[in-house]
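The file model13.tsv comes next; it holds TSV, C-alpha atoms.
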chain	number	residue	atom	x	y	z
A	1	MET	CA	38.34	-20.85	2.77
A	2	VAL	CA	36.01	-19.66	0.00
A	3	SER	CA	35.34	-22.26	-2.69
A	4	LYS	CA	35.46	-21.46	-6.40
A	5	THR	CA	31.69	-21.94	-6.59
A	6	GLU	CA	31.10	-19.48	-3.76
A	7	GLU	CA	33.54	-17.00	-5.25
A	8	SER	CA	31.75	-17.26	-8.60
A	9	GLN	CA	28.36	-16.80	-6.97
A	10	LEU	CA	29.62	-13.76	-5.05
A	11	GLN	CA	31.13	-12.17	-8.16
A	12	GLN	CA	27.92	-12.76	-10.10
A	13	LEU	CA	25.83	-11.13	-7.37
A	14	GLU	CA	28.28	-8.24	-7.08
A	15	ASN	CA	28.12	-7.53	-10.80
A	16	GLN	CA	24.34	-7.75	-10.69
A	17	VAL	CA	24.07	-5.25	-7.83
A	18	GLU	CA	26.68	-2.91	-9.31
A	19	ASN	CA	24.74	-2.81	-12.60
A	20	GLY	CA	21.45	-1.96	-10.89
A	21	GLY	CA	19.96	-5.44	-11.16
A	22	GLY	CA	18.94	-5.66	-7.50
A	23	GLY	CA	19.90	-8.33	-4.99
A	24	ALA	CA	21.79	-6.04	-2.60
A	25	TRP	CA	20.56	-7.86	0.52
A	26	GLU	CA	21.42	-11.26	-0.94
A	27	TYR	CA	24.90	-9.97	-1.78
A	28	LEU	CA	25.44	-8.56	1.71
A	29	SER	CA	24.18	-11.79	3.28
A	30	LEU	CA	26.61	-13.85	1.20
A	31	VAL	CA	29.54	-11.59	2.11
A	32	ARG	CA	28.63	-12.05	5.77
A	33	LYS	CA	28.19	-15.83	5.40
A	34	LEU	CA	31.59	-16.21	3.75
A	35	LYS	CA	33.17	-13.94	6.40
A	36	LEU	CA	34.68	-11.62	3.79
A	37	ARG	CA	35.57	-7.95	4.15
A	38	ARG	CA	34.35	-6.28	0.95
A	39	SER	CA	34.08	-3.12	3.01
A	40	ASP	CA	33.64	-0.55	0.22
A	41	LYS	CA	30.89	-2.60	-1.43
A	42	VAL	CA	29.20	-3.41	1.89
A	43	LEU	CA	29.20	0.27	2.85
A	44	LYS	CA	27.82	1.38	-0.50
A	45	HIS	CA	25.06	-1.20	-0.86
A	46	GLY	CA	24.28	-1.44	2.85
A	47	LEU	CA	23.56	2.27	3.01
A	48	THR	CA	21.18	2.06	0.04
A	49	ILE	CA	19.04	-0.27	2.15
A	50	LEU	CA	19.42	1.52	5.49
A	51	ASN	CA	18.59	4.90	3.94
A	52	ASP	CA	15.36	3.52	2.48
A	53	SER	CA	12.80	3.09	5.28
A	54	LYS	CA	10.70	0.57	3.33
A	55	LYS	CA	13.65	-1.64	2.37
A	56	ARG	CA	14.93	-1.39	5.92
A	57	SER	CA	11.62	-2.41	7.52
A	58	ASP	CA	11.27	-5.32	5.07
A	59	LEU	CA	14.34	-6.90	6.65
A	60	GLY	CA	12.60	-7.44	9.97
A	61	PRO	CA	15.08	-8.44	12.72
A	62	ASP	CA	17.89	-8.62	10.13
A	63	GLU	CA	17.85	-4.81	10.07
A	64	TRP	CA	20.11	-4.81	13.14
A	65	THR	CA	22.46	-7.35	11.60
A	66	LEU	CA	22.84	-4.98	8.66
A	67	TYR	CA	23.49	-2.01	10.95
A	68	GLU	CA	26.35	-3.96	12.52
A	69	GLN	CA	27.74	-5.07	9.14
A	70	VAL	CA	27.66	-1.52	7.76
A	71	ALA	CA	29.20	-0.11	10.96
A	72	ILE	CA	32.21	-2.42	10.63
A	73	ALA	CA	32.55	-1.65	6.91
A	74	ALA	CA	32.38	2.09	7.66
A	75	LEU	CA	35.16	1.73	10.24
A	76	ASP	CA	37.28	-0.09	7.65
A	77	CYS	CA	36.68	2.74	5.17
A	78	GLN	CA	37.25	5.48	7.76
A	79	SER	CA	33.67	6.72	7.28
A	80	LEU	CA	33.49	7.43	10.98
A	81	GLU	CA	30.30	9.48	10.94
A	82	VAL	CA	28.44	6.64	9.23
A	83	ALA	CA	29.87	4.17	11.73
A	84	LYS	CA	28.86	6.45	14.60
A	85	ASP	CA	25.27	6.70	13.31
A	86	CYS	CA	24.99	2.92	12.90
A	87	ILE	CA	26.38	2.28	16.38
A	88	LYS	CA	24.05	4.89	17.85
A	89	ALA	CA	21.05	3.09	16.33
A	90	LEU	CA	22.28	-0.20	17.76
A	91	GLN	CA	22.86	1.38	21.20
A	92	LYS	CA	19.30	2.62	21.25
A	93	LYS	CA	17.93	-0.83	20.38
A	94	PHE	CA	20.34	-2.85	22.56
A	95	PRO	CA	21.52	-0.53	25.38
A	96	GLU	CA	23.22	-3.27	27.45
A	97	SER	CA	24.73	-5.27	24.60
A	98	LYS	CA	28.40	-6.26	24.90
A	99	ARG	CA	28.44	-6.75	21.15
A	100	VAL	CA	27.53	-3.10	20.68
A	101	GLY	CA	30.11	-2.22	23.32
A	102	ARG	CA	32.71	-3.90	21.13
A	103	LEU	CA	31.70	-1.66	18.22
A	104	GLU	CA	32.01	1.41	20.46
A	105	ALA	CA	35.56	0.38	21.36
A	106	MET	CA	36.36	-0.19	17.69
A	107	LEU	CA	35.09	3.33	16.92
A	108	LEU	CA	37.43	4.75	19.58
A	109	GLU	CA	40.27	2.77	18.02
A	110	ALA	CA	39.44	4.08	14.54
A	111	LYS	CA	39.51	7.63	15.89
A	112	GLY	CA	42.99	7.03	17.29
A	113	SER	CA	41.80	7.31	20.90
A	114	TRP	CA	44.14	4.51	21.91
A	115	THR	CA	43.92	4.91	25.69
A	116	GLU	CA	40.13	4.99	25.74
A	117	ALA	CA	39.92	2.06	23.31
A	118	GLU	CA	42.32	0.04	25.46
A	119	LYS	CA	40.22	0.70	28.56
A	120	ALA	CA	37.07	-0.32	26.71
A	121	TYR	CA	38.63	-3.55	25.41
A	122	SER	CA	40.05	-4.39	28.84
A	123	SER	CA	36.63	-3.90	30.44
A	124	LEU	CA	34.96	-6.15	27.88
A	125	LEU	CA	37.63	-8.84	28.28
A	126	GLU	CA	37.20	-8.84	32.05
A	127	GLU	CA	33.58	-9.84	31.51
A	128	ASN	CA	34.37	-12.30	28.71
A	129	PRO	CA	38.06	-13.37	28.62
A	130	VAL	CA	37.47	-15.68	25.63
A	131	ASP	CA	36.18	-13.03	23.23
A	132	GLN	CA	38.30	-13.74	20.14
A	133	VAL	CA	37.36	-10.59	18.25
A	134	ILE	CA	38.34	-8.25	21.09
A	135	SER	CA	41.59	-10.14	21.72
A	136	MET	CA	42.59	-9.75	18.07
A	137	ARG	CA	41.53	-6.09	18.06
A	138	ARG	CA	44.15	-5.49	20.76
A	139	VAL	CA	46.74	-7.09	18.51
A	140	ALA	CA	45.64	-4.92	15.57
A	141	MET	CA	45.70	-1.80	17.74
A	142	ALA	CA	49.21	-2.52	18.96
A	143	LYS	CA	50.40	-2.93	15.36
A	144	ALA	CA	48.63	0.29	14.31
A	145	ARG	CA	50.49	2.15	17.07
A	146	GLY	CA	53.80	0.68	15.94
A	147	ASP	CA	54.10	-1.36	19.13
A	148	ILE	CA	55.25	-4.60	17.47
A	149	LEU	CA	56.55	-6.15	20.69
A	150	GLY	CA	53.17	-5.42	22.27
A	151	ALA	CA	51.46	-7.13	19.34
A	152	ILE	CA	53.67	-10.19	19.85
A	153	ASP	CA	52.79	-10.26	23.55
A	154	TRP	CA	49.04	-10.04	22.87
A	155	LEU	CA	49.24	-12.67	20.13
A	156	ASN	CA	51.08	-15.10	22.39
A	157	LYS	CA	48.48	-14.60	25.13
A	158	TYR	CA	45.72	-15.05	22.54
A	159	LEU	CA	47.23	-18.29	21.22
A	160	GLU	CA	47.52	-19.70	24.73
A	161	ILE	CA	43.70	-19.71	24.71
A	162	PHE	CA	42.92	-20.18	21.01
A	163	MET	CA	45.64	-22.63	20.02
A	164	ALA	CA	43.73	-23.82	16.94
A	165	ASP	CA	43.56	-20.36	15.32
A	166	HIS	CA	45.62	-20.81	12.15
A	167	ASP	CA	45.41	-17.14	11.20
A	168	GLY	CA	46.81	-16.18	14.60
A	169	TRP	CA	49.82	-18.49	14.23
A	170	ARG	CA	50.45	-17.25	10.69
A	171	GLU	CA	50.28	-13.60	11.76
A	172	LEU	CA	52.67	-14.23	14.64
A	173	ALA	CA	55.07	-16.05	12.32
A	174	GLU	CA	55.06	-13.16	9.84
A	175	ILE	CA	55.79	-10.66	12.63
A	176	TYR	CA	58.71	-12.78	13.83
A	177	VAL	CA	60.09	-13.00	10.29
A	178	SER	CA	59.84	-9.21	9.92
A	179	LEU	CA	61.94	-8.88	13.10
A	180	GLN	CA	64.40	-11.57	11.92
A	181	MET	CA	63.39	-13.77	14.87
A	182	TYR	CA	63.58	-16.86	12.70
A	183	LYS	CA	63.66	-19.56	15.39
A	184	GLN	CA	60.41	-18.24	16.86
A	185	ALA	CA	58.89	-18.03	13.38
A	186	ALA	CA	59.91	-21.64	12.72
A	187	PHE	CA	58.02	-22.74	15.84
A	188	CYS	CA	54.87	-21.00	14.56
A	189	TYR	CA	55.12	-22.70	11.17
A	190	GLU	CA	55.64	-26.06	12.88
A	191	GLU	CA	52.34	-25.51	14.70
A	192	LEU	CA	50.65	-24.67	11.38
A	193	ILE	CA	52.03	-27.77	9.65
A	194	LEU	CA	50.88	-29.97	12.52
A	195	SER	CA	47.34	-28.62	12.32
A	196	GLN	CA	47.12	-28.15	8.53
A	197	PRO	CA	49.60	-30.63	7.00
A	198	MET	CA	48.16	-30.40	3.48
A	199	ILE	CA	48.61	-26.62	3.05
A	200	PRO	CA	51.70	-26.19	0.83
A	201	LEU	CA	52.27	-22.54	1.80
A	202	HIS	CA	53.01	-23.60	5.39
A	203	HIS	CA	55.65	-26.07	4.19
A	204	LEU	CA	57.16	-23.44	1.89
A	205	ALA	CA	57.31	-20.73	4.57
A	206	TYR	CA	58.85	-23.16	7.06
A	207	ALA	CA	61.48	-24.19	4.52
A	208	ASP	CA	62.30	-20.54	3.78
A	209	VAL	CA	62.82	-19.83	7.48
A	210	LEU	CA	65.05	-22.89	8.00
A	211	TYR	CA	67.12	-22.02	4.91
A	212	THR	CA	67.55	-18.49	6.27
A	213	ILE	CA	68.70	-19.78	9.67
A	214	GLY	CA	71.26	-22.00	7.92
A	215	GLY	CA	73.43	-24.79	9.27
A	216	LEU	CA	73.61	-28.32	7.88
A	217	GLU	CA	70.69	-29.78	9.84
A	218	ASN	CA	68.39	-26.85	9.05
A	219	LEU	CA	69.34	-26.91	5.38
A	220	GLN	CA	68.62	-30.62	5.12
A	221	THR	CA	65.24	-30.15	6.79
A	222	ALA	CA	64.49	-27.14	4.59
A	223	LYS	CA	65.20	-29.27	1.51
A	224	LYS	CA	62.69	-31.85	2.73
A	225	TYR	CA	60.00	-29.22	3.17
A	226	TYR	CA	60.71	-27.67	-0.22
A	227	ALA	CA	60.26	-31.20	-1.59
A	228	SER	CA	56.96	-31.66	0.26
A	229	THR	CA	55.79	-28.31	-1.15
A	230	ILE	CA	56.55	-29.55	-4.65
A	231	GLU	CA	54.68	-32.77	-3.94
A	232	LEU	CA	51.62	-30.96	-2.53
A	233	THR	CA	51.47	-28.58	-5.52
A	234	GLY	CA	51.99	-31.24	-8.17
A	235	GLY	CA	55.43	-29.89	-9.05
A	236	LYS	CA	54.08	-26.43	-9.83
A	237	ASN	CA	55.85	-24.30	-7.22
A	238	THR	CA	58.78	-22.42	-8.75
A	239	ARG	CA	59.95	-21.02	-5.42
A	240	ALA	CA	60.20	-24.53	-3.94
A	241	LEU	CA	62.15	-25.77	-6.99
A	242	TYR	CA	64.61	-22.92	-6.54
A	243	GLY	CA	64.71	-23.77	-2.83
A	244	ILE	CA	65.83	-27.32	-3.60
A	245	CYS	CA	68.67	-25.98	-5.74
A	246	LEU	CA	69.74	-23.40	-3.15
A	247	CYS	CA	69.72	-25.93	-0.32
A	248	THR	CA	71.69	-28.44	-2.38
A	249	SER	CA	74.31	-25.82	-3.20
A	250	ALA	CA	74.62	-24.72	0.44
A	251	ILE	CA	74.79	-28.33	1.71
A	252	ALA	CA	77.47	-29.16	-0.88
A	253	GLN	CA	79.61	-26.30	0.42
A	254	LEU	CA	79.26	-27.55	4.00
A	255	THR	CA	79.86	-31.24	3.19
A	256	LYS	CA	82.52	-30.66	0.51
A	257	GLY	CA	80.24	-32.24	-2.12
A	258	ARG	CA	80.10	-35.68	-0.52
A	259	ASN	CA	76.33	-36.19	-0.92
A	260	ASN	CA	75.51	-37.57	-4.39
A	261	GLU	CA	71.82	-37.99	-3.55
A	262	ASP	CA	71.47	-34.22	-3.22
A	263	LYS	CA	72.91	-33.80	-6.72
A	264	ASP	CA	70.27	-36.11	-8.17
A	265	ILE	CA	67.46	-34.18	-6.51
A	266	SER	CA	68.85	-30.81	-7.56
A	267	ALA	CA	69.24	-32.06	-11.15
A	268	LEU	CA	65.54	-32.98	-11.21
A	269	ALA	CA	64.58	-29.57	-9.75
A	270	ALA	CA	66.78	-27.74	-12.26
A	271	ALA	CA	65.26	-29.71	-15.14
A	272	ALA	CA	61.74	-28.90	-13.90
A	273	LEU	CA	62.64	-25.21	-13.66
A	274	GLU	CA	64.05	-25.14	-17.18
A	275	LYS	CA	60.95	-26.88	-18.51
A	276	ASP	CA	58.69	-24.32	-16.80
A	277	TYR	CA	60.74	-21.38	-18.05
A	278	LYS	CA	60.70	-22.67	-21.64
A	279	GLN	CA	56.90	-22.77	-21.49
A	280	ILE	CA	56.20	-19.58	-19.54
A	281	SER	CA	59.15	-17.27	-20.12
A	282	PRO	CA	61.48	-18.60	-22.84
A	283	ASP	CA	63.40	-15.33	-23.06
A	284	LYS	CA	64.70	-15.87	-19.52
A	285	VAL	CA	65.96	-19.45	-19.97
A	286	SER	CA	69.54	-18.26	-20.47
A	287	LEU	CA	69.35	-16.24	-17.26
A	288	LEU	CA	68.03	-19.30	-15.42
A	289	ARG	CA	70.87	-21.45	-16.72
A	290	SER	CA	73.41	-18.84	-15.66
A	291	THR	CA	71.88	-18.69	-12.18
A	292	LEU	CA	71.85	-22.47	-11.79
A	293	ASN	CA	75.44	-22.75	-13.04
A	294	SER	CA	76.53	-20.22	-10.41
A	295	LEU	CA	75.19	-22.59	-7.75
A	296	LYS	CA	77.56	-25.33	-8.96
A	297	LEU	CA	74.95	-28.05	-8.71
A	298	GLN	CA	76.82	-30.58	-10.85
Spit out the file's structure as structure tokens when you get a sec.
Amino acid sequence: MVSKTEESQLQQLENQVENGGGGAWEYLSLVRKLKLRRSDKVLKHGLTILNDSKKRSDLGPDEWTLYEQVAIAALDCQSLEVAKDCIKALQKKFPESKRVGRLEAMLLEAKGSWTEAEKAYSSLLEENPVDQVISMRRVAMAKARGDILGAIDWLNKYLEIFMADHDGWRELAEIYVSLQMYKQAAFCYEELILSQPMIPLHHLAYADVLYTIGGLENLQTAKKYYASTIELTGGKNTRALYGICLCTSAIAQLTKGRNNEDKDISALAAAALEKDYKQISPDKVSLLRSTLNSLKLQ
């Protein structure tokens, strides 16, 4: 995760480069260090260096790092001829490199040559089964082809090896939600909460999924995770506050209003919502009250 200081430094460098103040290499290095994909900027400023023989030679061995960075940015931007030229330069310098082979496969993918790209990725994975980038490229390619079930299959195989990849679990969860496979999505969010218990968005997403599944036990658990989201965000998550109210209303319908503790919690959530609305959007307070009244929280 990029810190506010790093984000500020990056923005400052970007403005400097955009306004002709120099520092293109420093900017590109920082983008690479932070593992960001500012593809349009990388392509633009990377080419200004690569197209200048003196600037390029001044980089020394980092010239080839820049070729790779620009090639990936060009693929992102569908500048396939630029990507092809960069990969060709890398092939000439490193003819047996598997890393360059990965770029070749990515170029085939970008061209829409799915069969050839799949063969290239399969060949590379046979030699290195734990290549994370290639494994995730297969997932991306399946999604690009509209093969969502294939993407799920590849993601599950990937997560069997790279169980600590939070982005992989989150992507799989989002795919399951899009297919209304909520129980499978819930499992993914449970994995995320176990590995990153202080990330409020995981708690919120898990609560949303449980609320959607429904049933008394799921609603009660959802309410707990909406509450933990509120706690982790210092009471500043409007969606979680609404979630508390919705869960309380649904639980009351199932239990015939026998749980007074739920009413106390929902009253606190409703009060917090009204306070927020009065500060941020006072013209919608009446709409909020009408919505809350329709839930019959009292």
Within 6 Å of range 69-77 of chain A, counting only C-alpha atoms, which residues qualify if same-chain residues fewer than 6 places away don't, as a tab-separated table (two decimals) with C-alpha atoms, keeping the file's coordinate frame?
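Written file, out.tsv:
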chain	number	residue	atom	x	y	z
A	39	SER	CA	34.08	-3.12	3.01
A	43	LEU	CA	29.20	0.27	2.85
A	46	GLY	CA	24.28	-1.44	2.85
A	83	ALA	CA	29.87	4.17	11.73
A	86	CYS	CA	24.99	2.92	12.90
Rounded to one decimal, what separation in Å do you get between CA of Leu90 in chain A and CA of Met136 in chain A?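 CA of Leu90 in chain A sits 22.4 Å away from CA of Met136 in chain A.
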Using CA of Gly214 in chain A and CA of Val177 in chain A as the two end points, give the distance in Å to one decimal.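 If I compute the distance from CA of Gly214 in chain A to CA of Val177 in chain A, I get 14.5 Å.
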Restricting the calculation to only C-alpha atoms: of A:Glu174, A:Glu217, A:Asp276, A:Asp264, which residue gets closest to Gly235 in chain A?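 Closest candidate: A:Asp276.
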Could you tell me which of A:Ala24, A:Ile152, A:Leu30, A:Ala140 comes closest to Glu6 in chain A if we count all atoms listed in the file?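 Nearest to Glu6 in chain A: A:Leu30.
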Considering only C-alpha atoms, return as a PyMOL selection string whatever protein or nucleic-acid residues lie within 10 Å of Leu219 in chain A, sequence-local ones (same chain, fewer than 5 positions apart) excluded. chain A and resi 207-214+224-225+243-244+246-251
Would you compute the distance between CA of Lys278 in chain A and CA of Ala240 in chain A? Give it in Å to one decimal. 17.8 Å
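The residue that comes closest to Glu14 in chain A, out of A:Lys84, A:Lys111, A:Lys41, A:Lys33 and on the basis of all atoms listed in the file, is A:Lys41.
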Just the residues within 12 Å of Gly112 in chain A, please, counting only C-alpha atoms, with nothing from its chain fewer than 4 positions along; format it as a ChimeraX atom specification. /A:75,78,80,105-108,116-118,141-142,144-145
Nearest to Leu124 in chain A: which of A:Ala110, A:Ala222, A:Val100, A:Ala269 is it, counting all atoms listed in the file?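 The shortest atom-to-atom distance to Leu124 in chain A comes from A:Val100.
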